[in-house]
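File shown: work-v6.txt (compact mmCIF, N, CA and C atoms).
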# COMPACT_ATOMS: atom_id res chain seq x y z
N MET B 1 109.44 113.82 113.65
CA MET B 1 109.10 113.90 112.24
C MET B 1 108.25 115.15 112.04
N THR B 2 108.59 115.93 111.04
CA THR B 2 107.84 117.15 110.78
C THR B 2 106.60 116.84 109.97
N THR B 3 105.66 117.78 110.04
CA THR B 3 104.41 117.60 109.31
C THR B 3 104.66 117.60 107.81
N GLU B 4 105.60 118.46 107.35
CA GLU B 4 105.89 118.54 105.92
C GLU B 4 106.41 117.21 105.40
N LYS B 5 107.34 116.61 106.14
CA LYS B 5 107.89 115.32 105.73
C LYS B 5 106.79 114.26 105.72
N SER B 6 105.95 114.29 106.74
CA SER B 6 104.85 113.34 106.82
C SER B 6 103.89 113.51 105.65
N GLY B 7 103.63 114.77 105.27
CA GLY B 7 102.74 115.03 104.14
C GLY B 7 103.30 114.48 102.85
N ALA B 8 104.61 114.63 102.63
CA ALA B 8 105.24 114.11 101.42
C ALA B 8 105.15 112.59 101.39
N GLN B 9 105.33 111.97 102.54
CA GLN B 9 105.23 110.51 102.62
C GLN B 9 103.83 110.07 102.23
N SER B 10 102.87 110.79 102.76
CA SER B 10 101.48 110.45 102.48
C SER B 10 101.17 110.57 101.00
N TYR B 11 101.69 111.63 100.35
CA TYR B 11 101.43 111.80 98.92
C TYR B 11 102.03 110.66 98.10
N LEU B 12 103.23 110.23 98.45
CA LEU B 12 103.85 109.13 97.70
C LEU B 12 103.10 107.82 97.91
N LEU B 13 102.64 107.59 99.12
CA LEU B 13 101.85 106.39 99.38
C LEU B 13 100.52 106.45 98.64
N TYR B 14 99.89 107.62 98.66
CA TYR B 14 98.63 107.78 97.92
C TYR B 14 98.86 107.61 96.42
N PHE B 15 99.99 108.14 95.93
CA PHE B 15 100.32 107.98 94.51
C PHE B 15 100.44 106.50 94.15
N ALA B 16 101.20 105.74 94.95
CA ALA B 16 101.37 104.31 94.70
C ALA B 16 100.02 103.59 94.78
N TRP B 17 99.19 103.98 95.74
CA TRP B 17 97.88 103.37 95.89
C TRP B 17 97.00 103.65 94.67
N ILE B 18 96.98 104.90 94.22
CA ILE B 18 96.16 105.27 93.06
C ILE B 18 96.61 104.50 91.82
N VAL B 19 97.93 104.37 91.64
CA VAL B 19 98.45 103.60 90.49
C VAL B 19 97.97 102.15 90.58
N SER B 20 98.04 101.55 91.77
CA SER B 20 97.62 100.15 91.90
C SER B 20 96.12 100.00 91.68
N VAL B 21 95.33 100.95 92.13
CA VAL B 21 93.88 100.88 91.92
C VAL B 21 93.55 101.02 90.43
N ILE B 22 94.21 101.97 89.75
CA ILE B 22 93.97 102.14 88.31
C ILE B 22 94.37 100.88 87.55
N ALA B 23 95.52 100.28 87.93
CA ALA B 23 95.96 99.05 87.26
C ALA B 23 94.97 97.91 87.51
N THR B 24 94.49 97.80 88.73
CA THR B 24 93.52 96.75 89.06
C THR B 24 92.22 96.95 88.29
N LEU B 25 91.71 98.18 88.28
CA LEU B 25 90.47 98.45 87.55
C LEU B 25 90.66 98.28 86.04
N GLY B 26 91.83 98.66 85.53
CA GLY B 26 92.11 98.46 84.11
C GLY B 26 92.14 96.99 83.75
N SER B 27 92.75 96.19 84.62
CA SER B 27 92.80 94.75 84.42
C SER B 27 91.40 94.15 84.40
N LEU B 28 90.58 94.57 85.34
CA LEU B 28 89.21 94.07 85.39
C LEU B 28 88.40 94.56 84.19
N TYR B 29 88.66 95.77 83.72
CA TYR B 29 87.97 96.29 82.54
C TYR B 29 88.28 95.42 81.32
N PHE B 30 89.58 95.12 81.12
CA PHE B 30 89.96 94.33 79.95
C PHE B 30 89.34 92.93 79.99
N SER B 31 89.26 92.33 81.18
CA SER B 31 88.74 90.95 81.24
C SER B 31 87.23 90.89 81.35
N GLU B 32 86.63 91.74 82.17
CA GLU B 32 85.20 91.63 82.43
C GLU B 32 84.34 92.40 81.44
N ILE B 33 84.81 93.53 80.95
CA ILE B 33 84.00 94.35 80.04
C ILE B 33 84.38 94.09 78.59
N ARG B 34 85.67 94.11 78.29
CA ARG B 34 86.11 93.87 76.91
C ARG B 34 86.11 92.39 76.56
N GLY B 35 86.10 91.52 77.56
CA GLY B 35 86.03 90.09 77.32
C GLY B 35 87.35 89.43 76.98
N TYR B 36 88.48 90.08 77.28
CA TYR B 36 89.79 89.48 77.02
C TYR B 36 90.08 88.45 78.10
N VAL B 37 90.33 87.23 77.68
CA VAL B 37 90.63 86.15 78.63
C VAL B 37 92.10 86.26 79.02
N PRO B 38 92.41 86.37 80.32
CA PRO B 38 93.81 86.50 80.76
C PRO B 38 94.57 85.19 80.59
N CYS B 39 95.82 85.31 80.17
CA CYS B 39 96.70 84.13 80.08
C CYS B 39 97.30 83.86 81.46
N GLU B 40 98.12 82.81 81.56
CA GLU B 40 98.71 82.45 82.85
C GLU B 40 99.57 83.57 83.41
N LEU B 41 100.42 84.17 82.57
CA LEU B 41 101.28 85.24 83.06
C LEU B 41 100.47 86.47 83.48
N CYS B 42 99.36 86.72 82.80
CA CYS B 42 98.47 87.81 83.22
C CYS B 42 97.93 87.54 84.62
N TRP B 43 97.59 86.29 84.89
CA TRP B 43 97.08 85.95 86.21
C TRP B 43 98.15 86.16 87.28
N TYR B 44 99.40 85.79 86.98
CA TYR B 44 100.47 86.00 87.95
C TYR B 44 100.66 87.49 88.23
N GLN B 45 100.58 88.31 87.19
CA GLN B 45 100.70 89.76 87.39
C GLN B 45 99.55 90.28 88.24
N ARG B 46 98.36 89.75 88.02
CA ARG B 46 97.21 90.14 88.84
C ARG B 46 97.41 89.74 90.30
N ILE B 47 97.96 88.56 90.51
CA ILE B 47 98.20 88.08 91.88
C ILE B 47 99.10 89.05 92.64
N PHE B 48 100.05 89.66 91.95
CA PHE B 48 100.95 90.61 92.60
C PHE B 48 100.37 92.02 92.66
N MET B 49 99.48 92.39 91.75
CA MET B 49 98.94 93.75 91.72
C MET B 49 97.73 93.93 92.65
N TYR B 50 96.80 93.01 92.62
CA TYR B 50 95.54 93.20 93.33
C TYR B 50 95.71 93.43 94.84
N PRO B 51 96.54 92.65 95.54
CA PRO B 51 96.68 92.90 96.98
C PRO B 51 97.26 94.28 97.29
N MET B 52 98.06 94.81 96.37
CA MET B 52 98.66 96.13 96.62
C MET B 52 97.59 97.21 96.68
N SER B 53 96.48 97.03 95.99
CA SER B 53 95.40 98.02 96.04
C SER B 53 94.86 98.17 97.46
N VAL B 54 94.77 97.07 98.17
CA VAL B 54 94.27 97.10 99.54
C VAL B 54 95.38 97.53 100.51
N ILE B 55 96.54 96.90 100.40
CA ILE B 55 97.64 97.18 101.33
C ILE B 55 98.08 98.64 101.25
N LEU B 56 98.26 99.15 100.03
CA LEU B 56 98.70 100.54 99.88
C LEU B 56 97.61 101.52 100.31
N GLY B 57 96.35 101.17 100.11
CA GLY B 57 95.27 102.04 100.57
C GLY B 57 95.28 102.20 102.08
N ILE B 58 95.45 101.10 102.78
CA ILE B 58 95.51 101.15 104.25
C ILE B 58 96.75 101.90 104.69
N ALA B 59 97.89 101.62 104.06
CA ALA B 59 99.14 102.30 104.43
C ALA B 59 99.05 103.80 104.17
N ALA B 60 98.45 104.19 103.06
CA ALA B 60 98.31 105.62 102.74
C ALA B 60 97.40 106.30 103.76
N TYR B 61 96.33 105.65 104.12
CA TYR B 61 95.38 106.22 105.08
C TYR B 61 96.07 106.50 106.42
N TYR B 62 96.89 105.55 106.87
CA TYR B 62 97.57 105.71 108.15
C TYR B 62 98.93 106.38 108.02
N GLY B 63 99.40 106.62 106.80
CA GLY B 63 100.72 107.22 106.60
C GLY B 63 101.84 106.30 107.01
N ASP B 64 101.65 105.02 106.86
CA ASP B 64 102.60 104.01 107.32
C ASP B 64 103.60 103.66 106.22
N VAL B 65 104.78 104.29 106.29
CA VAL B 65 105.82 104.07 105.28
C VAL B 65 106.49 102.71 105.47
N SER B 66 106.37 102.12 106.65
CA SER B 66 107.02 100.83 106.90
C SER B 66 106.43 99.72 106.04
N ILE B 67 105.34 99.99 105.37
CA ILE B 67 104.70 98.99 104.50
C ILE B 67 105.59 98.64 103.32
N LYS B 68 106.61 99.46 103.07
CA LYS B 68 107.50 99.23 101.92
C LYS B 68 108.07 97.82 101.91
N LYS B 69 108.46 97.34 103.07
CA LYS B 69 109.10 96.01 103.12
C LYS B 69 108.16 94.89 102.72
N TYR B 70 106.86 95.15 102.74
CA TYR B 70 105.88 94.14 102.32
C TYR B 70 105.45 94.33 100.87
N VAL B 71 105.39 95.56 100.43
CA VAL B 71 104.87 95.85 99.10
C VAL B 71 105.95 95.82 98.02
N LEU B 72 107.18 96.24 98.36
CA LEU B 72 108.25 96.24 97.35
C LEU B 72 108.47 94.87 96.72
N PRO B 73 108.50 93.78 97.50
CA PRO B 73 108.65 92.47 96.84
C PRO B 73 107.52 92.18 95.86
N LEU B 74 106.30 92.57 96.20
CA LEU B 74 105.17 92.35 95.28
C LEU B 74 105.36 93.13 93.99
N SER B 75 105.76 94.40 94.11
CA SER B 75 105.88 95.22 92.90
C SER B 75 107.09 94.83 92.07
N ILE B 76 108.17 94.44 92.70
CA ILE B 76 109.37 94.06 91.94
C ILE B 76 109.16 92.72 91.23
N ILE B 77 108.64 91.74 91.94
CA ILE B 77 108.39 90.43 91.31
C ILE B 77 107.34 90.56 90.21
N GLY B 78 106.27 91.31 90.47
CA GLY B 78 105.26 91.55 89.45
C GLY B 78 105.85 92.24 88.23
N GLY B 79 106.76 93.19 88.46
CA GLY B 79 107.43 93.87 87.35
C GLY B 79 108.30 92.93 86.54
N LEU B 80 108.98 92.03 87.21
CA LEU B 80 109.82 91.05 86.49
C LEU B 80 108.96 90.12 85.63
N ILE B 81 107.82 89.72 86.16
CA ILE B 81 106.90 88.89 85.36
C ILE B 81 106.40 89.68 84.15
N SER B 82 106.12 90.97 84.34
CA SER B 82 105.67 91.81 83.23
C SER B 82 106.75 91.95 82.16
N VAL B 83 108.01 92.11 82.59
CA VAL B 83 109.11 92.21 81.62
C VAL B 83 109.19 90.92 80.80
N TYR B 84 109.13 89.79 81.49
CA TYR B 84 109.19 88.50 80.81
C TYR B 84 108.03 88.34 79.83
N HIS B 85 106.83 88.71 80.27
CA HIS B 85 105.64 88.60 79.43
C HIS B 85 105.76 89.51 78.21
N TYR B 86 106.25 90.72 78.42
CA TYR B 86 106.41 91.66 77.30
C TYR B 86 107.45 91.14 76.30
N MET B 87 108.51 90.55 76.82
CA MET B 87 109.54 89.97 75.94
C MET B 87 108.95 88.84 75.10
N LEU B 88 108.09 88.02 75.69
CA LEU B 88 107.43 86.96 74.93
C LEU B 88 106.62 87.53 73.77
N GLN B 89 106.01 88.68 73.99
CA GLN B 89 105.18 89.28 72.95
C GLN B 89 105.99 89.99 71.87
N LYS B 90 107.10 90.62 72.24
CA LYS B 90 107.77 91.54 71.32
C LYS B 90 109.14 91.09 70.82
N VAL B 91 109.78 90.15 71.48
CA VAL B 91 111.12 89.72 71.06
C VAL B 91 110.99 88.37 70.36
N PRO B 92 111.36 88.31 69.07
CA PRO B 92 111.18 87.06 68.31
C PRO B 92 111.88 85.85 68.92
N GLY B 93 113.01 86.01 69.55
CA GLY B 93 113.74 84.88 70.12
C GLY B 93 113.03 84.20 71.26
N PHE B 94 112.09 84.87 71.86
CA PHE B 94 111.36 84.30 72.99
C PHE B 94 110.15 83.48 72.57
N GLU B 95 109.85 83.44 71.28
CA GLU B 95 108.67 82.72 70.80
C GLU B 95 108.71 81.22 71.12
N GLY B 96 109.90 80.64 71.18
CA GLY B 96 110.02 79.22 71.45
C GLY B 96 109.66 78.84 72.87
N ILE B 97 109.74 79.81 73.78
CA ILE B 97 109.39 79.55 75.17
C ILE B 97 107.88 79.64 75.30
N LYS B 98 107.27 78.59 75.80
CA LYS B 98 105.81 78.56 75.91
C LYS B 98 105.40 78.33 77.37
N PRO B 99 105.36 79.41 78.18
CA PRO B 99 104.97 79.24 79.58
C PRO B 99 103.48 78.97 79.76
N CYS B 100 102.68 79.41 78.81
CA CYS B 100 101.22 79.23 78.91
C CYS B 100 100.82 77.97 78.15
N THR B 101 100.58 76.92 78.88
CA THR B 101 100.26 75.65 78.24
C THR B 101 98.76 75.43 78.10
N ASN B 102 97.98 76.07 78.96
CA ASN B 102 96.52 75.92 78.91
C ASN B 102 95.87 77.26 78.60
N GLY B 103 94.80 77.22 77.85
CA GLY B 103 94.04 78.44 77.61
C GLY B 103 94.69 79.36 76.58
N VAL B 104 94.65 80.64 76.86
CA VAL B 104 95.13 81.67 75.94
C VAL B 104 96.65 81.67 75.90
N PRO B 105 97.25 81.71 74.71
CA PRO B 105 98.71 81.83 74.63
C PRO B 105 99.18 83.16 75.21
N CYS B 106 100.36 83.16 75.81
CA CYS B 106 100.87 84.38 76.45
C CYS B 106 101.37 85.42 75.45
N ASN B 107 101.53 85.05 74.20
CA ASN B 107 102.04 86.02 73.22
C ASN B 107 100.92 86.71 72.44
N VAL B 108 99.68 86.55 72.87
CA VAL B 108 98.55 87.21 72.21
C VAL B 108 98.55 88.69 72.60
N ASP B 109 98.48 89.57 71.59
CA ASP B 109 98.38 91.01 71.84
C ASP B 109 96.93 91.42 71.69
N TYR B 110 96.23 91.55 72.81
CA TYR B 110 94.84 92.03 72.74
C TYR B 110 94.82 93.49 72.31
N ILE B 111 95.77 94.25 72.83
CA ILE B 111 95.92 95.64 72.41
C ILE B 111 97.35 95.83 71.94
N ASP B 112 97.56 96.74 71.02
CA ASP B 112 98.91 97.05 70.54
C ASP B 112 98.91 98.52 70.10
N TRP B 113 98.80 99.39 71.09
CA TRP B 113 98.73 100.82 70.83
C TRP B 113 100.12 101.34 70.48
N LEU B 114 100.22 102.11 69.43
CA LEU B 114 101.46 102.73 68.97
C LEU B 114 102.55 101.70 68.65
N GLY B 115 102.17 100.45 68.50
CA GLY B 115 103.12 99.42 68.13
C GLY B 115 103.93 98.84 69.28
N PHE B 116 103.77 99.37 70.49
CA PHE B 116 104.56 98.82 71.60
C PHE B 116 103.80 98.76 72.93
N ILE B 117 102.67 99.41 73.03
CA ILE B 117 101.93 99.42 74.29
C ILE B 117 100.94 98.25 74.29
N THR B 118 101.26 97.26 75.11
CA THR B 118 100.41 96.08 75.28
C THR B 118 99.98 96.01 76.75
N ILE B 119 99.14 95.06 77.08
CA ILE B 119 98.68 94.93 78.47
C ILE B 119 99.85 94.66 79.42
N PRO B 120 100.80 93.75 79.10
CA PRO B 120 101.94 93.57 79.99
C PRO B 120 102.80 94.83 80.12
N PHE B 121 102.87 95.65 79.07
CA PHE B 121 103.61 96.91 79.14
C PHE B 121 102.92 97.86 80.12
N LEU B 122 101.60 97.93 80.06
CA LEU B 122 100.86 98.78 81.00
C LEU B 122 101.07 98.31 82.43
N ALA B 123 101.06 96.99 82.64
CA ALA B 123 101.30 96.45 83.97
C ALA B 123 102.72 96.78 84.43
N LEU B 124 103.69 96.68 83.53
CA LEU B 124 105.07 97.01 83.87
C LEU B 124 105.20 98.46 84.29
N VAL B 125 104.57 99.36 83.56
CA VAL B 125 104.61 100.79 83.93
C VAL B 125 104.03 100.99 85.32
N ALA B 126 102.92 100.33 85.62
CA ALA B 126 102.31 100.44 86.94
C ALA B 126 103.24 99.91 88.02
N PHE B 127 103.84 98.74 87.80
CA PHE B 127 104.76 98.18 88.79
C PHE B 127 105.97 99.11 89.00
N ILE B 128 106.49 99.69 87.93
CA ILE B 128 107.62 100.61 88.05
C ILE B 128 107.22 101.86 88.83
N LEU B 129 106.07 102.44 88.52
CA LEU B 129 105.62 103.64 89.24
C LEU B 129 105.40 103.36 90.72
N ILE B 130 104.83 102.22 91.04
CA ILE B 130 104.63 101.85 92.45
C ILE B 130 105.97 101.67 93.14
N THR B 131 106.89 100.97 92.48
CA THR B 131 108.22 100.75 93.06
C THR B 131 108.93 102.08 93.30
N LEU B 132 108.92 102.96 92.31
CA LEU B 132 109.57 104.27 92.47
C LEU B 132 108.91 105.09 93.57
N GLY B 133 107.60 105.09 93.63
CA GLY B 133 106.90 105.82 94.69
C GLY B 133 107.29 105.32 96.06
N LEU B 134 107.43 104.02 96.20
CA LEU B 134 107.81 103.46 97.50
C LEU B 134 109.28 103.72 97.82
N LEU B 135 110.15 103.61 96.82
CA LEU B 135 111.57 103.85 97.06
C LEU B 135 111.85 105.31 97.39
N LEU B 136 111.08 106.21 96.82
CA LEU B 136 111.28 107.64 97.09
C LEU B 136 110.69 108.07 98.42
N SER B 137 109.79 107.28 98.97
CA SER B 137 109.22 107.62 100.27
C SER B 137 110.21 107.23 101.36
N LYS B 138 110.58 108.22 102.13
CA LYS B 138 111.52 107.99 103.23
C LYS B 138 110.83 108.40 104.51
N GLY B 139 111.31 107.91 105.58
CA GLY B 139 110.74 108.35 106.85
C GLY B 139 110.75 107.26 107.88
N GLU B 140 110.26 107.64 109.00
CA GLU B 140 110.18 106.74 110.14
C GLU B 140 108.98 105.82 109.98
N PRO B 141 109.11 104.58 110.39
CA PRO B 141 107.92 103.73 110.40
C PRO B 141 106.89 104.28 111.37
N LEU B 142 105.65 104.02 111.12
CA LEU B 142 104.56 104.49 111.97
C LEU B 142 104.68 103.81 113.33
N GLN B 143 104.60 104.61 114.40
CA GLN B 143 104.65 104.07 115.75
C GLN B 143 103.23 103.78 116.21
N SER B 144 103.00 102.57 116.61
CA SER B 144 101.66 102.17 117.02
C SER B 144 101.50 102.35 118.53
N ASN B 145 100.34 102.77 118.94
CA ASN B 145 100.03 102.91 120.36
C ASN B 145 99.21 101.73 120.87
N ILE B 146 99.12 100.68 120.07
CA ILE B 146 98.30 99.53 120.44
C ILE B 146 99.03 98.67 121.44
Using the file provided, produce a representation of the structure as structure tokens.
Amino acid sequence: MTTEKSGAQSYLLYFAWIVSVIATLGSLYFSEIRGYVPCELCWYQRIFMYPMSVILGIAAYYGDVSIKKYVLPLSIIGGLISVYHYMLQKVPGFEGIKPCTNGVPCNVDYIDWLGFITIPFLALVAFILITLGLLLSKGEPLQSNI
């Protein structure tokens, strides 16, 4: 493996890690500082996003591209939950579906920037960027000397 290829791998892993950290910090900002109470679907998205901040950070530090097989399922499933959540907020036909039975309803728009940017939309963008960063990273898995 050449150094140039390894450097590109590292940048994509760092990119995915930075996106996950920003998404995690943004999520915590909305709930802890702005006081927005997360709904059930928000919690599921958090469950899939938060571990990626740690896993991708470690993988980026070591340049371990083999982490894709562990992180891609998290980002894809989290993205699907975000799509579903966004549809509940923006598509009138989905109003009858009520996945959030306790606490805050899932169709509450705490933010609605430009008429389409909501918290689930921001999460979806993060999941897509992480997925693309991981799919574009190619290379040999890290060989361990342990």
Would you tabulate, counting only C-alpha atoms, all residues of range 57-130 of chain B that have an atom at most 9 Å from an atom of range 22-36 of chain B, showing the closest pair of atoms and their distance in Å to one decimal, sorted by chain then ascending number, as a tab-separated table?
residue	atom	partner	partner_atom	distance
B:Tyr110	CA	B:Tyr36	CA	7.1
B:Ile119	CA	B:Ser27	CA	8.4
B:Leu122	CA	B:Ala23	CA	8.0
B:Ala123	CA	B:Ala23	CA	6.8
B:Ala126	CA	B:Ala23	CA	6.5
B:Phe127	CA	B:Ala23	CA	9.0
Quick check, in Å to one decimal: how far apart do atom N of Val37 in chain B and atom C of Tyr14 in chain B lie?
29.0 Å
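Across the structure, CA of Gly115 in chain B and CA of His85 in chain B are spaced 15.8 Å apart.
One distance worth recording is that between atom C of Leu124 in chain B and atom C of Ile55 in chain B, which is 18.4 Å.
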Could you tell me, as a PyMOL selection string, which residues have any atom at most 8 Å from (105.3, 100.3, 90.7), counting only C-alpha atoms?
chain B and resi 16+19-20+75-76+79+124-134
